[in-house]
file input_36.txt (compact mmCIF, C-alpha atoms)
# COMPACT_ATOMS: atom_id res chain seq x y z
CA MET A 1 11.09 -4.87 -35.34
CA LYS A 2 13.32 -1.89 -36.01
CA VAL A 3 15.87 -1.46 -33.25
CA ASP A 4 17.62 1.87 -32.91
CA ASN A 5 20.92 1.25 -31.14
CA SER A 6 21.76 4.93 -30.70
CA LEU A 7 19.11 5.18 -27.96
CA PRO A 8 18.99 3.54 -24.51
CA LEU A 9 17.40 0.07 -24.63
CA GLU A 10 14.11 1.20 -23.15
CA TYR A 11 13.53 3.56 -26.09
CA SER A 12 15.06 1.34 -28.76
CA THR A 13 11.87 0.43 -30.65
CA GLU A 14 8.84 2.43 -31.74
CA GLU A 15 6.64 0.24 -29.56
CA ASN A 16 8.82 0.98 -26.53
CA ASN A 17 8.58 4.71 -27.18
CA LEU A 18 4.81 4.53 -27.40
CA LYS A 19 4.57 2.51 -24.20
CA ILE A 20 6.55 5.17 -22.32
CA LEU A 21 4.41 7.97 -23.76
CA GLY A 22 1.32 5.95 -22.89
CA PHE A 23 2.50 5.62 -19.32
CA TRP A 24 3.00 9.37 -19.05
CA ILE A 25 -0.63 9.78 -20.11
CA PHE A 26 -1.62 7.34 -17.38
CA ILE A 27 0.38 9.43 -14.90
CA GLY A 28 -1.63 12.45 -16.09
CA ALA A 29 -4.81 10.59 -15.13
CA GLU A 30 -3.28 9.66 -11.77
CA ILE A 31 -2.47 13.31 -11.09
CA MET A 32 -6.16 14.10 -11.57
CA LEU A 33 -7.17 11.18 -9.32
CA PHE A 34 -5.03 12.49 -6.48
CA ALA A 35 -6.22 16.04 -7.18
CA THR A 36 -9.80 14.99 -6.42
CA LEU A 37 -8.65 13.28 -3.22
CA PHE A 38 -6.77 16.40 -2.13
CA THR A 39 -9.83 18.48 -3.01
CA ALA A 40 -12.00 16.35 -0.74
CA TYR A 41 -9.39 16.53 2.01
CA PHE A 42 -8.95 20.32 1.87
CA THR A 43 -12.72 20.78 1.87
CA LEU A 44 -13.31 18.48 4.83
CA GLU A 45 -10.18 18.92 6.95
CA ASN A 46 -11.92 21.15 9.51
CA ARG A 47 -15.05 19.01 9.77
CA ILE A 48 -13.81 16.97 12.70
CA GLY A 49 -17.14 16.43 14.47
CA ASN A 50 -16.49 14.74 17.81
CA GLY A 51 -13.20 13.22 16.62
CA PRO A 52 -9.64 14.50 16.88
CA SER A 53 -8.11 17.11 14.58
CA GLY A 54 -5.01 16.65 12.45
CA ALA A 55 -2.84 18.60 14.88
CA GLU A 56 -3.88 16.18 17.64
CA ILE A 57 -3.09 12.92 15.85
CA PHE A 58 -0.19 13.67 13.50
CA GLU A 59 3.27 12.73 14.75
CA ILE A 60 6.37 14.16 13.14
CA THR A 61 8.71 11.16 13.69
CA PRO A 62 6.93 8.44 11.65
CA VAL A 63 6.07 10.98 8.96
CA LEU A 64 9.69 12.03 8.69
CA ILE A 65 10.86 8.42 8.53
CA GLU A 66 8.35 7.69 5.76
CA THR A 67 9.50 10.75 3.84
CA ILE A 68 13.18 9.84 4.04
CA LEU A 69 12.48 6.22 3.08
CA LEU A 70 10.44 7.12 0.02
CA LEU A 71 12.77 9.93 -1.05
CA THR A 72 15.76 7.58 -0.85
CA SER A 73 13.93 4.82 -2.71
CA SER A 74 13.16 7.29 -5.48
CA PHE A 75 16.90 8.03 -5.67
CA THR A 76 17.93 4.36 -5.70
CA ILE A 77 15.53 3.43 -8.48
CA GLY A 78 16.96 6.35 -10.47
CA LEU A 79 20.40 4.80 -9.95
CA GLY A 80 18.93 1.46 -11.02
CA ILE A 81 17.84 2.94 -14.34
CA HIS A 82 21.25 4.56 -14.73
CA ALA A 83 22.96 1.19 -14.13
CA MET A 84 20.56 -0.37 -16.62
CA ARG A 85 21.70 2.11 -19.25
CA LEU A 86 25.30 1.09 -18.56
CA ASN A 87 24.11 -2.46 -19.18
CA LYS A 88 25.08 -3.60 -15.69
CA LYS A 89 22.55 -6.26 -14.84
CA LYS A 90 23.78 -7.01 -11.31
CA ALA A 91 23.91 -3.36 -10.26
CA THR A 92 20.46 -2.76 -11.76
CA MET A 93 19.02 -5.65 -9.80
CA GLY A 94 20.82 -4.50 -6.65
CA PHE A 95 19.33 -1.02 -6.85
CA PHE A 96 15.89 -2.46 -7.57
CA ILE A 97 16.14 -4.70 -4.49
CA ILE A 98 17.19 -1.75 -2.30
CA THR A 99 14.27 0.26 -3.70
CA LEU A 100 11.77 -2.46 -2.91
CA ILE A 101 13.15 -2.92 0.62
CA LEU A 102 12.83 0.82 1.25
CA GLY A 103 9.32 0.69 -0.18
CA ALA A 104 8.38 -2.18 2.11
CA ALA A 105 9.82 -0.30 5.10
CA PHE A 106 7.74 2.73 4.13
CA LEU A 107 4.66 0.57 4.01
CA GLY A 108 5.51 -0.90 7.42
CA VAL A 109 5.67 2.55 8.99
CA GLU A 110 2.44 3.54 7.28
CA ILE A 111 0.67 0.45 8.62
CA TYR A 112 1.93 1.35 12.11
CA GLU A 113 0.60 4.87 11.57
CA PHE A 114 -2.83 3.60 10.56
CA THR A 115 -3.15 1.33 13.60
CA HIS A 116 -2.05 4.28 15.74
CA TYR A 117 -4.84 6.44 14.26
CA VAL A 118 -7.44 3.78 14.93
CA HIS A 119 -6.10 3.42 18.50
CA VAL A 120 -6.46 7.11 19.26
CA GLY A 121 -9.99 7.04 17.92
CA ALA A 122 -9.50 8.33 14.38
CA GLY A 123 -11.04 5.55 12.30
CA LEU A 124 -12.47 5.74 8.81
CA GLN A 125 -15.96 6.53 10.12
CA THR A 126 -15.06 8.96 12.92
CA SER A 127 -15.49 12.22 11.03
CA ALA A 128 -15.41 13.74 7.55
CA PHE A 129 -11.81 14.72 8.27
CA THR A 130 -10.59 11.23 9.19
CA ALA A 131 -12.50 9.69 6.27
CA ALA A 132 -10.87 12.05 3.77
CA LEU A 133 -7.46 11.66 5.44
CA LEU A 134 -7.46 7.86 5.52
CA THR A 135 -8.84 7.61 1.98
CA THR A 136 -6.11 9.87 0.61
CA LEU A 137 -3.29 8.18 2.55
CA GLY A 138 -4.78 4.76 1.83
CA THR A 139 -4.94 5.36 -1.92
CA HIS A 140 -1.28 6.31 -1.91
CA GLY A 141 -0.40 3.33 0.27
CA LEU A 142 -2.32 1.02 -2.05
CA HIS A 143 -0.30 2.36 -4.97
CA VAL A 144 2.93 1.63 -3.09
CA THR A 145 1.72 -1.90 -2.26
CA LEU A 146 0.90 -2.51 -5.91
CA GLY A 147 4.28 -1.08 -6.87
CA LEU A 148 6.08 -3.52 -4.57
CA PHE A 149 4.56 -6.52 -6.35
CA TRP A 150 5.05 -4.96 -9.77
CA GLY A 151 8.70 -4.24 -9.00
CA LEU A 152 9.23 -7.75 -7.68
CA PHE A 153 7.86 -9.32 -10.87
CA ILE A 154 10.06 -7.08 -13.02
CA LEU A 155 13.06 -8.03 -10.92
CA ILE A 156 12.33 -11.71 -11.60
CA GLN A 157 12.04 -11.00 -15.33
CA ILE A 158 15.39 -9.17 -15.39
CA LYS A 159 16.99 -12.10 -13.58
CA LYS A 160 15.51 -14.64 -16.00
CA ARG A 161 15.78 -12.79 -19.32
CA GLY A 162 18.55 -10.26 -18.74
CA LEU A 163 18.44 -6.66 -19.94
CA THR A 164 16.54 -6.79 -23.23
CA PRO A 165 14.63 -3.96 -24.97
CA GLU A 166 11.51 -5.46 -23.38
CA THR A 167 12.65 -5.81 -19.77
CA ALA A 168 14.47 -2.46 -19.95
CA ASN A 169 11.26 -0.82 -21.13
CA LYS A 170 9.25 -2.40 -18.33
CA SER A 171 11.84 -1.36 -15.74
CA PHE A 172 11.88 2.21 -17.00
CA ILE A 173 8.09 2.44 -16.87
CA PHE A 174 8.13 1.03 -13.35
CA SER A 175 10.68 3.68 -12.37
CA LEU A 176 8.32 6.38 -13.68
CA TYR A 177 5.56 4.97 -11.50
CA TRP A 178 7.79 4.88 -8.45
CA HIS A 179 9.01 8.46 -8.88
CA PHE A 180 5.41 9.54 -9.33
CA LEU A 181 4.47 7.97 -5.99
CA ASP A 182 7.29 9.93 -4.39
CA ILE A 183 5.93 13.16 -5.89
CA ILE A 184 2.46 12.43 -4.48
CA TRP A 185 4.05 11.74 -1.10
CA ILE A 186 5.81 15.12 -1.18
CA PHE A 187 2.39 16.76 -1.52
CA ILE A 188 0.90 14.60 1.23
CA PHE A 189 3.88 15.42 3.47
CA SER A 190 3.62 19.16 2.80
CA PHE A 191 -0.11 19.82 2.58
CA ILE A 192 -1.57 17.21 4.87
CA TYR A 193 1.03 16.64 7.60
CA LEU A 194 3.11 19.82 7.80
CA LYS A 195 0.14 22.07 7.10
CA GLY A 196 -1.86 20.17 9.72
CA MET A 197 0.87 20.52 12.36
CA MET A 198 1.82 24.12 11.53
CA MET B 199 31.68 1.88 -8.68
CA LYS B 200 31.84 5.60 -9.27
CA GLU B 201 30.11 5.41 -12.64
CA LEU B 202 27.06 3.99 -10.88
CA PHE B 203 26.51 7.27 -9.04
CA PRO B 204 26.09 10.01 -11.68
CA VAL B 205 26.68 13.52 -10.34
CA LYS B 206 23.38 14.81 -11.68
CA GLN B 207 21.31 12.31 -9.73
CA VAL B 208 23.37 12.55 -6.54
CA MET B 209 22.99 16.34 -6.65
CA GLY B 210 19.28 15.92 -7.33
CA PHE B 211 18.94 13.71 -4.26
CA ALA B 212 20.95 16.12 -2.08
CA PHE B 213 18.81 19.01 -3.28
CA SER B 214 15.59 17.13 -2.52
CA ILE B 215 16.85 16.47 1.03
CA VAL B 216 17.58 20.19 1.41
CA LEU B 217 14.09 21.06 0.16
CA THR B 218 12.58 18.64 2.69
CA ALA B 219 14.64 20.27 5.46
CA VAL B 220 13.44 23.72 4.40
CA ALA B 221 9.82 22.49 4.41
CA LEU B 222 10.39 21.19 7.95
CA LEU B 223 11.18 24.73 9.12
CA VAL B 224 7.43 25.28 8.92
CA TYR B 225 7.03 22.76 11.73
CA PHE B 226 10.09 23.61 13.83
CA THR B 227 9.94 27.41 13.74
CA ASP B 228 7.13 29.78 14.53
CA MET B 229 5.86 30.99 11.17
CA SER B 230 2.68 32.77 10.20
CA TYR B 231 0.14 30.71 8.22
CA THR B 232 0.71 32.69 5.01
CA MET B 233 4.47 32.45 5.31
CA GLY B 234 4.30 28.72 6.06
CA MET B 235 2.03 27.98 3.10
CA THR B 236 4.28 30.00 0.80
CA VAL B 237 7.31 27.98 1.89
CA LEU B 238 5.43 24.67 1.45
CA LEU B 239 4.08 25.59 -1.99
CA ILE B 240 7.54 26.54 -3.22
CA THR B 241 9.40 23.53 -1.77
CA ALA B 242 6.73 21.02 -2.89
CA PHE B 243 6.50 22.23 -6.49
CA VAL B 244 10.27 22.66 -6.90
CA GLN B 245 10.77 19.16 -5.59
CA ALA B 246 8.10 17.72 -7.89
CA GLY B 247 9.73 19.45 -10.87
CA LEU B 248 13.12 18.11 -9.80
CA GLN B 249 11.80 14.55 -9.79
CA VAL B 250 10.22 14.90 -13.22
CA VAL B 251 13.28 16.43 -14.89
CA VAL B 252 16.21 14.72 -13.13
CA PHE B 253 14.81 11.30 -12.25
CA MET B 254 12.00 10.70 -14.71
CA HIS B 255 14.01 11.86 -17.75
CA ALA B 256 10.95 13.67 -19.11
CA GLY B 257 12.83 15.71 -21.69
CA GLU B 258 15.06 13.06 -23.23
CA THR B 259 13.34 11.88 -26.39
CA LYS B 260 11.37 13.18 -29.35
CA ASP B 261 8.21 12.72 -27.30
CA LYS B 262 9.33 15.51 -24.99
CA GLY B 263 6.65 17.90 -26.28
CA SER B 264 3.79 15.44 -25.87
CA ILE B 265 4.96 14.45 -22.39
CA TYR B 266 5.16 18.02 -21.11
CA ILE B 267 1.85 19.04 -22.71
CA ASN B 268 0.22 16.03 -21.05
CA ILE B 269 1.71 16.84 -17.64
CA TYR B 270 0.84 20.53 -17.83
CA TYR B 271 -2.70 19.66 -18.88
CA ALA B 272 -3.08 17.26 -15.95
CA LEU B 273 -1.61 19.86 -13.60
CA ILE B 274 -3.98 22.58 -14.81
CA ILE B 275 -7.02 20.33 -14.34
CA ALA B 276 -5.69 19.33 -10.90
CA LEU B 277 -5.13 22.93 -9.76
CA PHE B 278 -8.51 24.09 -11.17
CA THR B 279 -10.27 21.24 -9.35
CA ILE B 280 -8.54 21.98 -6.04
CA PHE B 281 -8.64 25.78 -6.06
CA GLY B 282 -12.04 25.96 -7.77
CA THR B 283 -13.52 23.84 -5.00
CA LEU B 284 -11.75 25.76 -2.24
CA LEU B 285 -12.97 29.03 -3.75
CA VAL B 286 -16.60 27.97 -3.69
CA LEU B 287 -16.84 25.66 -0.68
CA VAL B 288 -14.23 26.88 1.79
CA TRP B 289 -13.22 30.47 1.11
CA ASP B 290 -16.84 31.42 0.35
CA MET B 291 -16.11 33.83 -2.48

call {"tool": "encode", "arguments": {"input": "input_36.txt", "output": "structure tokens"}}
result
Amino acid sequence: MKVDNSLPLEYSTEENNLKILGFWIFIGAEIMLFATLFTAYFTLENRIGNGPSGAEIFEITPVLIETILLLTSSFTIGLGIHAMRLNKKKATMGFFIITLILGAAFLGVEIYEFTHYVHVGAGLQTSAFTAALLTTLGTHGLHVTLGLFWGLFILIQIKKRGLTPETANKSFIFSLYWHFLDIIWIFIFSFIYLKGMM
Amino acid sequence: MKELFPVKQVMGFAFSIVLTAVALLVYFTDMSYTMGMTVLLITAFVQAGLQVVVFMHAGETKDKGSIYINIYYALIIALFTIFGTLLVLVWDM
């Protein structure tokens, strides 16, 4: 395989380049997936039936904690990729571990939030609003859960094999995924929570 | 240690915190609906763009063109889906 040493490891072969481009195309499809979920939510957000409205169940504190956690984890994985480009294996792994811990904390708060919603009588079947809300939040949460396992496996590979064109490429693609989840969260934060509490 | 924290990314992170704080004004101050939505639309899209350019390194390689075309295409379909539906089903136009 032709290895171009003038580029960072993750781009060093033609195959690696194509994998990154391919992942961007996947992200394009994910954008459309979340667009349909947002569409359903915006259409149904006022159909609350006998259940509570968004303004009644949303709480600013957990939402703010989730936002800070995910925003910071997006920053730390960016630093992880930067360390990877400096060929610092330990620092890369350190930043990946911090990222995954922040991600797990985010998920913990989200699980608390979901049990809270069910407690105050906003379950999946309560109204069109709660169904659309929990489906949208749940799809994002599921992506984060998947990302935690994915990140963990990549961490193990870096530990075992070191920073090679292959593991660097996988790490970079994982970082794209993680940043993308942060972007989706920004839209959830702005147009579901803040809009709902305005 | 210092080389592990590139200025560009630290600034990017600081800016995203600022944008989040600005978005929070919608909650903590008394704004009209139009004003609030304008603020949220601006802060959300600026922050998304920041992530793509600073953290996702979208414009770094020869595939730059393909990546941006792909993202713009996805974004156009997303916005058409959302606003098209709102137009017909919610705003009743």

call {"tool": "atom_distance", "arguments": {"input": "input_36.txt", "atom1": "CA of Val208 in chain B", "atom2": "CA of Lys88 in chain A"}}
result
18.6 Å

call {"tool": "residues_around", "arguments": {"input": "input_36.txt", "residues": "Phe187 in chain A", "least_positions_apart": "5", "cutoff": "12 Å", "atoms": "all atoms listed in the file", "output": "ChimeraX atom specification"}}
result
/A:31,34-35,37-38,67,136-137,140,180-182,192-195 /B:218,221,238-246

call {"tool": "atom_distance", "arguments": {"input": "input_36.txt", "atom1": "CA of Leu152 in chain A", "atom2": "CA of Phe172 in chain A"}}
result
13.9 Å

call {"tool": "closest_residue", "arguments": {"input": "input_36.txt", "among": "B:Met254, B:Ile267, B:Ala272, B:Leu287", "to": "Trp178 in chain A", "atoms": "only C-alpha atoms"}}
result
B:Met254

call {"tool": "residues_around", "arguments": {"input": "input_36.txt", "residues": "Met199 in chain B", "least_positions_apart": "3", "cutoff": "12 Å", "atoms": "only C-alpha atoms", "output": "list in words"}}
result
Leu79, Ala83, Leu86, Lys88 and Ala91 of chain A; Leu202, Phe203 and Pro204 of chain B

call {"tool": "write_last_selection", "arguments": {"input": "input_36.txt", "atoms": "C-alpha atoms", "output": "PDB file, keeping the file's coordinate frame"}}
result
ATOM      1  CA  LEU A  79      20.400   4.800  -9.950  1.00  0.00           C
ATOM      2  CA  ALA A  83      22.960   1.190 -14.130  1.00  0.00           C
ATOM      3  CA  LEU A  86      25.300   1.090 -18.560  1.00  0.00           C
ATOM      4  CA  LYS A  88      25.080  -3.600 -15.690  1.00  0.00           C
ATOM      5  CA  ALA A  91      23.910  -3.360 -10.260  1.00  0.00           C
TER       6      ALA A  91
ATOM      7  CA  LEU B 202      27.060   3.990 -10.880  1.00  0.00           C
ATOM      8  CA  PHE B 203      26.510   7.270  -9.040  1.00  0.00           C
ATOM      9  CA  PRO B 204      26.090  10.010 -11.680  1.00  0.00           C
TER      10      PRO B 204
END

call {"tool": "atom_distance", "arguments": {"input": "input_36.txt", "atom1": "CA of Phe226 in chain B", "atom2": "CA of Tyr112 in chain A"}}
result
23.8 Å

call {"tool": "closest_residue", "arguments": {"input": "input_36.txt", "among": "B:Met233, B:Ala219, B:Leu285, B:Val224", "to": "chain A", "atoms": "all atoms listed in the file"}}
result
B:Val224

call {"tool": "closest_residue", "arguments": {"input": "input_36.txt", "among": "B:Tyr231, B:Tyr225, B:Tyr270, B:Trp289", "to": "Met197 in chain A", "atoms": "only C-alpha atoms"}}
result
B:Tyr225

call {"tool": "residues_near_point", "arguments": {"input": "input_36.txt", "point": "(20.8, 12.3, -2.2)", "cutoff": "10 Å", "atoms": "all atoms listed in the file", "output": "JSON, numbers by chain"}}
result
{"A": [71, 72, 74, 75, 76], "B": [207, 208, 209, 210, 211, 212, 213, 214, 215, 216]}

call {"tool": "residues_around", "arguments": {"input": "input_36.txt", "residues": "Glu15 in chain A", "least_positions_apart": "2", "cutoff": "12 Å", "atoms": "only C-alpha atoms", "output": "PDB file with C-alpha atoms, in the coordinates of the input"}}
result
ATOM      1  CA  MET A   1      11.090  -4.870 -35.340  1.00  0.00           C
ATOM      2  CA  LYS A   2      13.320  -1.890 -36.010  1.00  0.00           C
ATOM      3  CA  VAL A   3      15.870  -1.460 -33.250  1.00  0.00           C
ATOM      4  CA  ASP A   4      17.620   1.870 -32.910  1.00  0.00           C
ATOM      5  CA  LEU A   9      17.400   0.070 -24.630  1.00  0.00           C
ATOM      6  CA  GLU A  10      14.110   1.200 -23.150  1.00  0.00           C
ATOM      7  CA  TYR A  11      13.530   3.560 -26.090  1.00  0.00           C
ATOM      8  CA  SER A  12      15.060   1.340 -28.760  1.00  0.00           C
ATOM      9  CA  THR A  13      11.870   0.430 -30.650  1.00  0.00           C
ATOM     10  CA  ASN A  17       8.580   4.710 -27.180  1.00  0.00           C
ATOM     11  CA  LEU A  18       4.810   4.530 -27.400  1.00  0.00           C
ATOM     12  CA  LYS A  19       4.570   2.510 -24.200  1.00  0.00           C
ATOM     13  CA  ILE A  20       6.550   5.170 -22.320  1.00  0.00           C
ATOM     14  CA  LEU A  21       4.410   7.970 -23.760  1.00  0.00           C
ATOM     15  CA  GLY A  22       1.320   5.950 -22.890  1.00  0.00           C
ATOM     16  CA  PRO A 165      14.630  -3.960 -24.970  1.00  0.00           C
ATOM     17  CA  GLU A 166      11.510  -5.460 -23.380  1.00  0.00           C
ATOM     18  CA  ASN A 169      11.260  -0.820 -21.130  1.00  0.00           C
ATOM     19  CA  LYS A 170       9.250  -2.400 -18.330  1.00  0.00           C
TER      20      LYS A 170
END

call {"tool": "closest_residue", "arguments": {"input": "input_36.txt", "among": "A:Thr126, A:Gln157, A:Ser171, A:Thr145", "to": "Gly49 in chain A", "atoms": "only C-alpha atoms"}}
result
A:Thr126

call {"tool": "closest_residue", "arguments": {"input": "input_36.txt", "among": "A:Ser6, A:Thr39, A:Asn50, A:Thr115", "to": "chain B", "atoms": "only C-alpha atoms"}}
result
A:Thr39

call {"tool": "closest_atom_pairs", "arguments": {"input": "input_36.txt", "of": "chain A", "to": "chain B", "cutoff": "6 Å", "atoms": "all atoms listed in the file", "output": "Markdown table"}}
result
| residue | atom | partner | partner_atom | distance |
| --- | --- | --- | --- | --- |
| A:Gly28 | CA | B:Ala272 | CA | 5.0 |
| A:Met32 | CA | B:Ala276 | CA | 5.3 |
| A:Ala35 | CA | B:Ala276 | CA | 5.0 |
| A:Thr39 | CA | B:Ile280 | CA | 4.8 |
| A:Gly78 | CA | B:Phe253 | CA | 5.7 |
| A:Ala83 | CA | B:Leu202 | CA | 5.9 |
| A:Leu176 | CA | B:Met254 | CA | 5.8 |
| A:Ile183 | CA | B:Ala246 | CA | 5.4 |
| A:Ser190 | CA | B:Leu238 | CA | 6.0 |
| A:Met198 | CA | B:Tyr225 | CA | 5.4 |

call {"tool": "residues_around", "arguments": {"input": "input_36.txt", "residues": "Gly123 in chain A", "least_positions_apart": "5", "cutoff": "10 Å", "atoms": "all atoms listed in the file", "output": "list in words"}}
result
Gly51, Phe114, Thr115, His116, Tyr117, Val118, Thr130, Ala131, Leu133 and Leu134 of chain A
